[in-house]
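Read through the structure below, which is laid out as structure tokens, and then see the notes.
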Amino acid sequence: MSEETTDLLFTELGLSEYVLQAIQSVGYEQPSPIQAAAIPPLLEGRDIVGMAQTGTGKTAAFALPLLSRLNTEQRQPQILVLAPTRELAIQVAEAFKRYASNIPNFQVVPIYGGSDMAGQLRQLKRGAQVVVGTPGRVMDHLRRGTLDISKLQSLVLDEADEMLRMGFIDDVEWILEHTPKERQTALFSATMPKQIKNVASKHLNNPHEIRIKSSTATGENIEQVYWMVSGTNKLDALTRILEVEPFEGMIIFARTKNATVELAEKLEARGYAASALNGDMNQQLRERTIERLKSGKLDIVVATDVAARGIDVERVSHVLNYDIPYDSEAYVHRIGRTGRAGRTGKAILFVAPREKRLLYTIEKATRQPIKHMELPTGEAVTAHRIDQFKQQIDDVFNAAVDLSFYNDLLADYSHQNDRSPEEIASAMAYLLQKERPLQVKFAPVKSERAVLGKSDRDNKGPKKARVNDADLQRYRLEVGRSHEVRPGDIVGAIANEANIDSQYIGHIKLFDEFSTVDLPKGMTPEVMQVLKKVRVRNRPLNISEDNGPRHDGPPAGKKPRTGGPKPEGKRAPGKFDSKSKTAKPKSKVRHKDQKNKGYRAKNVDS
Ligand code: AMP
């Protein structure tokens, strides 16, 4: 295992000119540690195993080198990426598009379950150098002969542990067995369970292993909190925090150079003395910016990691991680910009729900808990604005300004209009605050706990809360053991094809000719329609509500196989509670894309 962090530049890695131009235009300043470690061996054509999670920059870690090796003359697929969910497949495909924006005739096709088979077929037929897909759908296309991988150079298994958890590992192996032997393979996984290690040793050729160093303690004089991004966008959240949080100087960290400029401009427009600090600025300008922060001409500097390295400004009372850093080391560097010279400091971290693993990693590596914070409420902001307003009035009196002209004016108005001095003062206060109302009301937002699940945080691990059985309904599927169906197939098909998160898929029982599954109550006819057509082992599920007798007993002398434990080594991987015989859903019921699909589960966010 190599453990690497980096001071390298993208230009030193041997990436193609096309790719370097794209990096420049998306504004990445420096390779993230996983990128610095993965890009060189991938460019050499080696296989790699990378332990990395979402948020570390792992997509670019494989996309950039593989795109650099692309034969643009050739239209057949050269790169195939397998991803556990349609969301990830789409996201990875979009990342490829971004990084390949300068490559002529470049095409990438995401293929996943759902409605648009015809569109996917059309795109595949037209020719695409990169295909990103979920294992089931990729297998489907390979079987039908609609995906030609005879020219495949590289295969990427993204979030391999997640594919295992969702029951796709057999499909993944099937695909590995059906791709050209001389292909290059990159496997990325946040964790390395035994089954994933087995896949790596069986199907990868002497892989270069990469693990990103996690380290170091953080100062105890720095209070650390995080806000789980939900309900409010990051910019609004930031401005709310800026309004209430008593800070002197602040460094806000963003990932890209472009983001530092955009954010600094938005903050300036909102009246803050803010400026960007990034690697595009020359040394002199950077130094001047830091000087201005030191002298109090600036209160906020929005910086990239590289540009902020080593800043030592005593009045920086706060560090705000607008974008989560790639690893704990970067986090430690960042928050070390506050709490200087024996002062106390505060570090605030924005974490998107899908980045929560990184939060746990940072906590573990720094051996310091990062406390959850809620955004300031409307009342808190109101109270703050009222205080400021009163202070402004005090300031006028304290400055002993000559008010006689205004006194006469208002006495005159009061006399002419029969208004009391209080009424007139209220009207003036109203006028004064018009642009920035004193009374603030925010739309209620879902708390982080609703997103994360309380037990999840409290256990410090990515476990999920359970769905109440009463919120589930039993359905019958017209596929069973005689069709060689396994619980993992059903979970995978429903999760990907109907876009229902796997954690909401409950108890599965297999019978010879059919099976039953517990799913959220209240699915719309549209979702049912999709589920009827979904195919498992090439047979339609033909789902229907199961209102008949409970099939709790084994049919005709046969034991039903459940999603629960099977003999060691044969268990549906990781999906079900190993202690119970039944597969219970593990979290609250929420459709991944409720609005679009018109799906309404009754117990949403209950
Ligand atoms: P990933 O871990 O692949 O999901 O990437 C997480 C985020 O980091 C994405 O929004 C990328 O655009 C961004 N990112 C990836 N590499 C870099 C880099 N070298 N510099 C700045 N941002 C990056």
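We name chains A, B, ... following the order of the structure tokens; residues begin at 1 in each chain, and ligands are numbered from 1 as shown.
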
- Query: Would you name the residues within 6 Å of ligand 1, counting only C-alpha atoms and all ligand atoms, and put them as number ranges by chain?
  - Reply: A: 28-32, 54-60, 255-256

Near A:Leu238, counting only C-alpha atoms, which residues have an atom at most 12 Å away, once you skip same-chain residues fewer than 2 positions from it, shown as an mmCIF file with all heavy atoms, in the first residue's frame?
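File around.cif, as written:
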```cif
data_model
loop_
_atom_site.group_PDB
_atom_site.id
_atom_site.type_symbol
_atom_site.label_atom_id
_atom_site.label_comp_id
_atom_site.auth_asym_id
_atom_site.auth_seq_id
_atom_site.Cartn_x
_atom_site.Cartn_y
_atom_site.Cartn_z
ATOM 1 N N TRP A 227 -22.501 21.265 9.820
ATOM 2 C CA TRP A 227 -23.912 21.397 9.446
ATOM 3 C C TRP A 227 -24.174 20.456 8.277
ATOM 4 O O TRP A 227 -23.419 20.457 7.294
ATOM 5 C CB TRP A 227 -24.239 22.842 9.033
ATOM 6 C CG TRP A 227 -25.619 22.965 8.453
ATOM 7 C CD1 TRP A 227 -26.802 22.725 9.087
ATOM 8 C CD2 TRP A 227 -25.956 23.323 7.110
ATOM 9 N NE1 TRP A 227 -27.852 22.928 8.232
ATOM 10 C CE2 TRP A 227 -27.370 23.302 7.004
ATOM 11 C CE3 TRP A 227 -25.219 23.687 5.981
ATOM 12 C CZ2 TRP A 227 -28.048 23.597 5.828
ATOM 13 C CZ3 TRP A 227 -25.896 23.984 4.801
ATOM 14 C CH2 TRP A 227 -27.299 23.943 4.732
ATOM 15 N N VAL A 229 -25.907 19.549 5.138
ATOM 16 C CA VAL A 229 -26.610 20.334 4.116
ATOM 17 C C VAL A 229 -27.975 19.717 3.831
ATOM 18 O O VAL A 229 -28.054 18.577 3.386
ATOM 19 C CB VAL A 229 -25.791 20.370 2.800
ATOM 20 C CG1 VAL A 229 -26.517 21.174 1.743
ATOM 21 C CG2 VAL A 229 -24.403 20.923 3.059
ATOM 22 N N THR A 232 -31.760 23.864 2.796
ATOM 23 C CA THR A 232 -31.337 25.228 2.482
ATOM 24 C C THR A 232 -30.059 25.100 1.659
ATOM 25 O O THR A 232 -29.257 24.219 1.942
ATOM 26 C CB THR A 232 -30.970 25.963 3.797
ATOM 27 O OG1 THR A 232 -32.072 25.849 4.676
ATOM 28 C CG2 THR A 232 -30.652 27.413 3.568
ATOM 29 N N ASN A 233 -29.889 25.979 0.672
ATOM 30 C CA ASN A 233 -28.645 25.822 -0.071
ATOM 31 C C ASN A 233 -27.471 26.391 0.727
ATOM 32 O O ASN A 233 -27.639 27.119 1.696
ATOM 33 C CB ASN A 233 -28.756 26.405 -1.476
ATOM 34 C CG ASN A 233 -28.848 27.910 -1.462
ATOM 35 O OD1 ASN A 233 -28.149 28.575 -0.710
ATOM 36 N ND2 ASN A 233 -29.719 28.450 -2.295
ATOM 37 N N LYS A 234 -26.261 26.024 0.293
ATOM 38 C CA LYS A 234 -25.085 26.354 1.097
ATOM 39 C C LYS A 234 -24.887 27.864 1.226
ATOM 40 O O LYS A 234 -24.477 28.339 2.275
ATOM 41 C CB LYS A 234 -23.838 25.735 0.455
ATOM 42 C CG LYS A 234 -23.720 24.248 0.628
ATOM 43 C CD LYS A 234 -22.245 23.872 0.498
ATOM 44 C CE LYS A 234 -22.016 22.650 -0.311
ATOM 45 N NZ LYS A 234 -20.600 22.326 -0.452
ATOM 46 N N LEU A 235 -25.191 28.597 0.138
ATOM 47 C CA LEU A 235 -24.951 30.038 0.193
ATOM 48 C C LEU A 235 -25.883 30.695 1.216
ATOM 49 O O LEU A 235 -25.465 31.532 2.019
ATOM 50 C CB LEU A 235 -25.144 30.647 -1.199
ATOM 51 C CG LEU A 235 -24.913 32.151 -1.266
ATOM 52 C CD1 LEU A 235 -23.477 32.505 -0.909
ATOM 53 C CD2 LEU A 235 -25.254 32.691 -2.646
ATOM 54 N N ASP A 236 -27.170 30.297 1.196
ATOM 55 C CA ASP A 236 -28.106 30.866 2.174
ATOM 56 C C ASP A 236 -27.695 30.478 3.589
ATOM 57 O O ASP A 236 -27.782 31.274 4.520
ATOM 58 C CB ASP A 236 -29.535 30.373 1.898
ATOM 59 C CG ASP A 236 -30.115 31.027 0.652
ATOM 60 O OD1 ASP A 236 -29.542 32.052 0.232
ATOM 61 O OD2 ASP A 236 -31.097 30.515 0.105
ATOM 62 N N ARG A 240 -26.649 33.070 6.584
ATOM 63 C CA ARG A 240 -27.341 33.033 7.875
ATOM 64 C C ARG A 240 -26.336 32.912 9.016
ATOM 65 O O ARG A 240 -26.448 33.567 10.041
ATOM 66 C CB ARG A 240 -28.262 31.809 7.908
ATOM 67 C CG ARG A 240 -29.693 32.212 8.172
ATOM 68 C CD ARG A 240 -30.460 31.025 8.651
ATOM 69 N NE ARG A 240 -31.237 30.422 7.587
ATOM 70 C CZ ARG A 240 -32.095 29.432 7.809
ATOM 71 N NH1 ARG A 240 -32.259 28.958 9.034
ATOM 72 N NH2 ARG A 240 -32.777 28.917 6.826
ATOM 73 N N ILE A 241 -25.351 32.076 8.808
ATOM 74 C CA ILE A 241 -24.319 31.891 9.840
ATOM 75 C C ILE A 241 -23.525 33.185 10.017
ATOM 76 O O ILE A 241 -23.278 33.635 11.133
ATOM 77 C CB ILE A 241 -23.384 30.715 9.459
ATOM 78 C CG1 ILE A 241 -24.148 29.398 9.569
ATOM 79 C CG2 ILE A 241 -22.145 30.686 10.350
ATOM 80 C CD1 ILE A 241 -23.405 28.189 9.023
ATOM 81 N N LEU A 242 -23.167 33.802 8.885
ATOM 82 C CA LEU A 242 -22.367 35.032 8.965
ATOM 83 C C LEU A 242 -23.103 36.116 9.751
ATOM 84 O O LEU A 242 -22.503 36.916 10.447
ATOM 85 C CB LEU A 242 -22.062 35.559 7.551
ATOM 86 C CG LEU A 242 -21.073 34.746 6.734
ATOM 87 C CD1 LEU A 242 -20.905 35.351 5.345
ATOM 88 C CD2 LEU A 242 -19.718 34.675 7.434
ATOM 89 N N GLU A 243 -24.435 36.086 9.614
ATOM 90 C CA GLU A 243 -25.188 37.139 10.273
ATOM 91 C C GLU A 243 -25.173 37.004 11.792
ATOM 92 O O GLU A 243 -25.129 37.995 12.510
ATOM 93 C CB GLU A 243 -26.621 37.119 9.750
ATOM 94 C CG GLU A 243 -27.214 38.461 9.896
ATOM 95 C CD GLU A 243 -28.516 38.633 9.157
ATOM 96 O OE1 GLU A 243 -28.631 38.200 7.994
ATOM 97 O OE2 GLU A 243 -29.409 39.186 9.755
ATOM 98 N N VAL A 244 -25.221 35.783 12.260
ATOM 99 C CA VAL A 244 -25.400 35.561 13.689
ATOM 100 C C VAL A 244 -24.095 35.243 14.419
ATOM 101 O O VAL A 244 -23.915 35.590 15.578
ATOM 102 C CB VAL A 244 -26.439 34.423 13.891
ATOM 103 C CG1 VAL A 244 -26.526 34.004 15.328
ATOM 104 C CG2 VAL A 244 -27.799 34.894 13.392
ATOM 105 N N GLU A 245 -23.197 34.591 13.714
ATOM 106 C CA GLU A 245 -21.958 34.135 14.355
ATOM 107 C C GLU A 245 -21.035 35.339 14.621
ATOM 108 O O GLU A 245 -20.710 36.072 13.685
ATOM 109 C CB GLU A 245 -21.282 33.148 13.385
ATOM 110 C CG GLU A 245 -20.148 32.386 13.945
ATOM 111 C CD GLU A 245 -20.560 31.289 14.927
ATOM 112 O OE1 GLU A 245 -21.650 30.709 14.798
ATOM 113 O OE2 GLU A 245 -19.755 31.052 15.835
ATOM 114 N N MET A 250 -12.533 35.604 8.937
ATOM 115 C CA MET A 250 -12.951 34.238 8.590
ATOM 116 C C MET A 250 -12.263 33.794 7.297
ATOM 117 O O MET A 250 -12.138 34.579 6.353
ATOM 118 C CB MET A 250 -14.474 34.194 8.411
ATOM 119 C CG MET A 250 -14.995 32.803 8.087
ATOM 120 S SD MET A 250 -16.799 32.697 7.885
ATOM 121 C CE MET A 250 -17.422 32.969 9.504
ATOM 122 N N ILE A 252 -12.931 31.048 4.422
ATOM 123 C CA ILE A 252 -13.889 30.069 3.901
ATOM 124 C C ILE A 252 -13.152 29.243 2.851
ATOM 125 O O ILE A 252 -12.504 29.805 1.958
ATOM 126 C CB ILE A 252 -15.102 30.774 3.267
ATOM 127 C CG1 ILE A 252 -15.834 31.603 4.334
ATOM 128 C CG2 ILE A 252 -16.051 29.769 2.628
ATOM 129 C CD1 ILE A 252 -17.007 32.407 3.798
ATOM 130 N N PHE A 253 -13.244 27.924 2.971
ATOM 131 C CA PHE A 253 -12.549 27.069 2.009
ATOM 132 C C PHE A 253 -13.514 26.519 0.972
ATOM 133 O O PHE A 253 -14.555 25.950 1.312
ATOM 134 C CB PHE A 253 -11.861 25.910 2.721
ATOM 135 C CG PHE A 253 -10.589 26.317 3.389
ATOM 136 C CD1 PHE A 253 -10.589 26.701 4.725
ATOM 137 C CD2 PHE A 253 -9.401 26.352 2.689
ATOM 138 C CE1 PHE A 253 -9.424 27.095 5.349
ATOM 139 C CE2 PHE A 253 -8.222 26.747 3.296
ATOM 140 C CZ PHE A 253 -8.229 27.116 4.632
ATOM 141 N N LEU A 263 -17.925 32.848 -4.926
ATOM 142 C CA LEU A 263 -18.435 32.998 -3.569
ATOM 143 C C LEU A 263 -18.029 34.351 -2.992
ATOM 144 O O LEU A 263 -18.837 35.043 -2.364
ATOM 145 C CB LEU A 263 -17.908 31.843 -2.711
ATOM 146 C CG LEU A 263 -18.537 31.662 -1.340
ATOM 147 C CD1 LEU A 263 -20.049 31.615 -1.416
ATOM 148 C CD2 LEU A 263 -18.023 30.363 -0.695
ATOM 149 N N ALA A 264 -16.784 34.753 -3.239
ATOM 150 C CA ALA A 264 -16.341 36.052 -2.715
ATOM 151 C C ALA A 264 -17.194 37.168 -3.321
ATOM 152 O O ALA A 264 -17.603 38.100 -2.625
ATOM 153 C CB ALA A 264 -14.869 36.262 -3.021
ATOM 154 N N LYS A 266 -20.269 36.940 -4.376
ATOM 155 C CA LYS A 266 -21.626 36.902 -3.802
ATOM 156 C C LYS A 266 -21.629 37.500 -2.399
ATOM 157 O O LYS A 266 -22.579 38.173 -2.009
ATOM 158 C CB LYS A 266 -22.141 35.465 -3.779
ATOM 159 C CG LYS A 266 -22.543 35.032 -5.179
ATOM 160 C CD LYS A 266 -23.158 33.679 -5.194
ATOM 161 C CE LYS A 266 -23.610 33.352 -6.606
ATOM 162 N NZ LYS A 266 -23.385 31.959 -6.957
ATOM 163 N N LEU A 267 -20.591 37.245 -1.652
ATOM 164 C CA LEU A 267 -20.532 37.792 -0.293
ATOM 165 C C LEU A 267 -20.346 39.310 -0.338
ATOM 166 O O LEU A 267 -20.955 40.038 0.449
ATOM 167 C CB LEU A 267 -19.414 37.127 0.509
ATOM 168 C CG LEU A 267 -19.651 35.646 0.821
ATOM 169 C CD1 LEU A 267 -18.446 35.050 1.541
ATOM 170 C CD2 LEU A 267 -20.907 35.453 1.665
ATOM 171 N N ARG A 270 -23.448 40.964 -0.903
ATOM 172 C CA ARG A 270 -24.297 40.984 0.293
ATOM 173 C C ARG A 270 -23.713 41.895 1.374
ATOM 174 O O ARG A 270 -24.146 41.843 2.511
ATOM 175 C CB ARG A 270 -24.455 39.562 0.835
ATOM 176 C CG ARG A 270 -25.396 38.718 0.023
ATOM 177 C CD ARG A 270 -25.255 37.252 0.432
ATOM 178 N NE ARG A 270 -26.372 36.439 -0.006
ATOM 179 C CZ ARG A 270 -26.554 36.021 -1.254
ATOM 180 N NH1 ARG A 270 -25.704 36.363 -2.199
ATOM 181 N NH2 ARG A 270 -27.603 35.266 -1.553
ATOM 182 N N TYR A 272 -20.455 42.090 2.569
ATOM 183 C CA TYR A 272 -19.312 41.682 3.390
ATOM 184 C C TYR A 272 -17.999 42.116 2.734
ATOM 185 O O TYR A 272 -17.901 42.148 1.497
ATOM 186 C CB TYR A 272 -19.302 40.162 3.587
ATOM 187 C CG TYR A 272 -20.448 39.687 4.444
ATOM 188 C CD1 TYR A 272 -21.601 39.159 3.870
ATOM 189 C CD2 TYR A 272 -20.394 39.814 5.827
ATOM 190 C CE1 TYR A 272 -22.678 38.750 4.659
ATOM 191 C CE2 TYR A 272 -21.456 39.417 6.621
ATOM 192 C CZ TYR A 272 -22.589 38.883 6.036
ATOM 193 O OH TYR A 272 -23.638 38.501 6.816
ATOM 194 N N ILE A 300 -13.411 38.558 5.339
ATOM 195 C CA ILE A 300 -13.573 37.189 4.851
ATOM 196 C C ILE A 300 -12.665 36.950 3.648
ATOM 197 O O ILE A 300 -12.637 37.760 2.711
ATOM 198 C CB ILE A 300 -15.038 36.923 4.416
ATOM 199 C CG1 ILE A 300 -15.988 37.156 5.594
ATOM 200 C CG2 ILE A 300 -15.195 35.517 3.874
ATOM 201 C CD1 ILE A 300 -17.460 37.083 5.214
ATOM 202 N N VAL A 319 -12.958 29.329 10.734
ATOM 203 C CA VAL A 319 -12.720 28.704 9.441
ATOM 204 C C VAL A 319 -14.027 28.036 9.042
ATOM 205 O O VAL A 319 -14.651 27.354 9.854
ATOM 206 C CB VAL A 319 -11.593 27.647 9.533
ATOM 207 C CG1 VAL A 319 -11.640 26.700 8.333
ATOM 208 C CG2 VAL A 319 -10.238 28.329 9.589
ATOM 209 N N LEU A 320 -14.460 28.283 7.818
ATOM 210 C CA LEU A 320 -15.682 27.620 7.378
ATOM 211 C C LEU A 320 -15.372 26.766 6.144
ATOM 212 O O LEU A 320 -14.913 27.287 5.125
ATOM 213 C CB LEU A 320 -16.770 28.649 7.080
ATOM 214 C CG LEU A 320 -18.157 28.029 6.905
ATOM 215 C CD1 LEU A 320 -19.235 28.923 7.525
ATOM 216 C CD2 LEU A 320 -18.486 27.727 5.462
ATOM 217 N N ASN A 321 -15.583 25.483 6.285
ATOM 218 C CA ASN A 321 -15.341 24.557 5.175
ATOM 219 C C ASN A 321 -16.610 24.470 4.338
ATOM 220 O O ASN A 321 -17.510 23.692 4.626
ATOM 221 C CB ASN A 321 -14.991 23.171 5.721
ATOM 222 C CG ASN A 321 -13.680 23.170 6.453
ATOM 223 O OD1 ASN A 321 -12.622 23.145 5.836
ATOM 224 N ND2 ASN A 321 -13.743 23.224 7.781
ATOM 225 N N TYR A 322 -16.666 25.338 3.336
ATOM 226 C CA TYR A 322 -17.860 25.414 2.481
ATOM 227 C C TYR A 322 -17.996 24.118 1.682
ATOM 228 O O TYR A 322 -19.062 23.569 1.536
ATOM 229 C CB TYR A 322 -17.690 26.605 1.556
ATOM 230 C CG TYR A 322 -18.932 27.046 0.837
ATOM 231 C CD1 TYR A 322 -19.902 27.800 1.485
ATOM 232 C CD2 TYR A 322 -19.123 26.738 -0.508
ATOM 233 C CE1 TYR A 322 -21.035 28.234 0.812
ATOM 234 C CE2 TYR A 322 -20.253 27.171 -1.189
ATOM 235 C CZ TYR A 322 -21.194 27.918 -0.523
ATOM 236 O OH TYR A 322 -22.317 28.343 -1.190
ATOM 237 N N ASP A 323 -16.859 23.649 1.169
ATOM 238 C CA ASP A 323 -16.798 22.319 0.544
ATOM 239 C C ASP A 323 -15.933 21.452 1.440
ATOM 240 O O ASP A 323 -14.850 21.881 1.858
ATOM 241 C CB ASP A 323 -16.145 22.390 -0.839
ATOM 242 C CG ASP A 323 -16.944 23.239 -1.808
ATOM 243 O OD1 ASP A 323 -18.185 23.192 -1.762
ATOM 244 O OD2 ASP A 323 -16.316 23.968 -2.601
ATOM 245 N N ILE A 348 -16.238 25.467 11.196
ATOM 246 C CA ILE A 348 -17.570 25.003 10.775
ATOM 247 C C ILE A 348 -17.390 24.222 9.469
ATOM 248 O O ILE A 348 -16.664 24.655 8.575
ATOM 249 C CB ILE A 348 -18.517 26.199 10.544
ATOM 250 C CG1 ILE A 348 -18.660 27.001 11.852
ATOM 251 C CG2 ILE A 348 -19.880 25.739 10.043
ATOM 252 C CD1 ILE A 348 -19.382 28.332 11.693
ATOM 253 N N LEU A 349 -18.072 23.089 9.404
ATOM 254 C CA LEU A 349 -17.914 22.212 8.240
ATOM 255 C C LEU A 349 -19.280 21.956 7.611
ATOM 256 O O LEU A 349 -20.209 21.568 8.307
ATOM 257 C CB LEU A 349 -17.292 20.894 8.731
ATOM 258 C CG LEU A 349 -17.171 19.722 7.773
ATOM 259 C CD1 LEU A 349 -16.240 20.061 6.616
ATOM 260 C CD2 LEU A 349 -16.636 18.495 8.519
ATOM 261 N N PHE A 350 -19.394 22.202 6.319
ATOM 262 C CA PHE A 350 -20.626 21.850 5.601
ATOM 263 C C PHE A 350 -20.449 20.429 5.044
ATOM 264 O O PHE A 350 -19.469 20.160 4.349
ATOM 265 C CB PHE A 350 -20.884 22.801 4.439
ATOM 266 C CG PHE A 350 -21.417 24.159 4.841
ATOM 267 C CD1 PHE A 350 -21.616 24.486 6.175
ATOM 268 C CD2 PHE A 350 -21.749 25.103 3.884
ATOM 269 C CE1 PHE A 350 -22.114 25.733 6.559
ATOM 270 C CE2 PHE A 350 -22.248 26.352 4.236
ATOM 271 C CZ PHE A 350 -22.420 26.663 5.576
ATOM 272 N N GLU A 374 -27.218 23.235 14.209
ATOM 273 C CA GLU A 374 -28.371 23.609 13.397
ATOM 274 C C GLU A 374 -28.097 25.014 12.871
ATOM 275 O O GLU A 374 -27.365 25.785 13.502
ATOM 276 C CB GLU A 374 -29.642 23.647 14.254
ATOM 277 C CG GLU A 374 -30.076 22.318 14.826
ATOM 278 C CD GLU A 374 -30.794 21.416 13.824
ATOM 279 O OE1 GLU A 374 -30.934 21.810 12.647
ATOM 280 O OE2 GLU A 374 -31.202 20.322 14.236
ATOM 281 N N LEU A 375 -28.713 25.346 11.771
ATOM 282 C CA LEU A 375 -28.569 26.713 11.276
ATOM 283 C C LEU A 375 -29.282 27.664 12.227
ATOM 284 O O LEU A 375 -30.260 27.288 12.863
ATOM 285 C CB LEU A 375 -29.212 26.834 9.901
ATOM 286 C CG LEU A 375 -28.458 26.225 8.736
ATOM 287 C CD1 LEU A 375 -29.191 26.571 7.444
ATOM 288 C CD2 LEU A 375 -27.032 26.726 8.673
ATOM 289 N N PRO A 376 -28.822 28.893 12.318
ATOM 290 C CA PRO A 376 -29.537 29.870 13.143
ATOM 291 C C PRO A 376 -30.998 29.969 12.685
ATOM 292 O O PRO A 376 -31.272 29.976 11.482
ATOM 293 C CB PRO A 376 -28.796 31.176 12.863
ATOM 294 C CG PRO A 376 -27.454 30.774 12.353
ATOM 295 C CD PRO A 376 -27.630 29.452 11.679
#
```

- Just how far from atom CA of A:Ser189 is atom CA of A:Ile210, in Å to one decimal? 10.7 Å

- Excluding A:Asp512 and residues on its chain fewer than 6 positions from it, collect all residues at most 7 Å away from it, counting only C-alpha atoms, and give them as a VMD selection string. chain A and resid 480 to 482

Write the selection just made, keeping N, CA, C and O atoms, as a compact mmCIF listing (two decimals), in the first residue's frame?
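Output (out-v4.txt):
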```
# COMPACT_ATOMS: atom_id res chain seq x y z
N GLY A 480 -39.58 -16.49 -9.01
CA GLY A 480 -39.30 -17.27 -7.81
C GLY A 480 -38.05 -18.13 -7.96
O GLY A 480 -37.26 -17.94 -8.88
N ARG A 481 -37.93 -19.07 -7.03
CA ARG A 481 -36.72 -19.89 -6.99
C ARG A 481 -36.50 -20.68 -8.28
O ARG A 481 -35.38 -20.87 -8.73
N SER A 482 -37.62 -21.12 -8.85
CA SER A 482 -37.43 -21.95 -10.05
C SER A 482 -36.85 -21.12 -11.20
O SER A 482 -36.42 -21.66 -12.20
```

- Please identify all polymer residues within 12 Å of A:Glu223, counting only C-alpha atoms, omitting same-chain residues fewer than 3 positions from it, and present them as number ranges by chain. A: 218-220, 226, 317-320, 335-336, 338-339, 343-349, 368-373

- Task: Show which residues sit within 7 Å of stretch 171-177 of chain A, as a ChimeraX atom specification. Count only C-alpha atoms, and ignore same-chain residues fewer than 3 positions away.
- Result: /A:135-136,139,168

Convert the current residue selection to file output with C-alpha atoms, as an mmCIF file, in the first residue's frame.
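result_18.cif written:
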```
data_model
loop_
_atom_site.group_PDB
_atom_site.id
_atom_site.type_symbol
_atom_site.label_atom_id
_atom_site.label_comp_id
_atom_site.auth_asym_id
_atom_site.auth_seq_id
_atom_site.Cartn_x
_atom_site.Cartn_y
_atom_site.Cartn_z
ATOM 1 C CA PRO A 135 -24.343 -3.857 -13.348
ATOM 2 C CA GLY A 136 -27.805 -5.264 -14.128
ATOM 3 C CA MET A 139 -25.286 -7.261 -18.228
ATOM 4 C CA PHE A 168 -24.726 -6.968 -7.511
#
```

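In the backbone-derived DSSP annotation, alpha helix (DSSP H) within stretch 396-441 of chain A comprises Val396, Phe397, Asn398, Ser404, Phe405, Tyr406, Asn407, Asp408, Leu409, Leu410, Ala411, Asp412, Tyr413, Ser414, His415, Gln416, Asn417, Pro421, Glu422, Glu423, Ile424, Ala425, Ser426, Ala427, Met428, Ala429, Tyr430, Leu431 and Leu432 of chain A.
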
- Could you give me the residues within stretch 187-218 of chain A that DSSP places in strand (DSSP E or B), as a PyMOL selection string? chain A and resi 187-189+208-211

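Computed from the coordinates, the atom CA of A:Ala303 to atom CA of A:Ile324 distance equals 12.9 Å.
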
- Expressed in Å, the length from atom CA of A:Ile212 to atom CA of A:Val130 is 27.0 Å

- Can you pull out every residue within 9 Å of A:Asn542, counting only C-alpha atoms, but drop anything in the same chain fewer than 5 positions away, and send it as a ChimeraX atom specification? /A:476-479,528-529,531-535

Print the selection's residues with C-alpha atoms to a file, as a JSON list (two decimals), in the first residue's frame.
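Output contents, as saved in out_0.json:
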```
[["chain", "number", "residue", "atom", "x", "y", "z"],
["A", 476, "ARG", "CA", -46.24, -10.36, -4.88],
["A", 477, "LEU", "CA", -43.69, -10.77, -7.66],
["A", 478, "GLU", "CA", -44.09, -13.38, -10.38],
["A", 479, "VAL", "CA", -40.52, -14.61, -10.15],
["A", 528, "MET", "CA", -46.39, 0.15, -9.96],
["A", 529, "GLN", "CA", -46.42, 0.28, -13.74],
["A", 531, "LEU", "CA", -42.31, -2.29, -11.35],
["A", 532, "LYS", "CA", -44.60, -4.54, -13.35],
["A", 533, "LYS", "CA", -42.28, -4.34, -16.31],
["A", 534, "VAL", "CA", -39.00, -4.63, -14.46],
["A", 535, "ARG", "CA", -37.28, -7.86, -15.40]]
```

- Task: Do a neighbour search on stretch 85-100 of chain A at 6 Å with only C-alpha atoms, toss out local chain neighbours closer than 2 positions, and write the hits as a list in words.
- Result: Ala22, Ala83, Asn102, Ile103, Pro110, Tyr112, Val132 and Gly133 of chain A

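Closest approach to A:Leu124 among A:Pro437, A:Gly145, A:Pro104, A:Pro41 is made by A:Gly145 (distances from only C-alpha atoms).
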
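Of the residues listed (A:Glu262, A:Leu431, A:Thr304, A:Ser515), A:Thr304 shows the shortest atom-to-atom separation from A:Asp280; distances use only C-alpha atoms.
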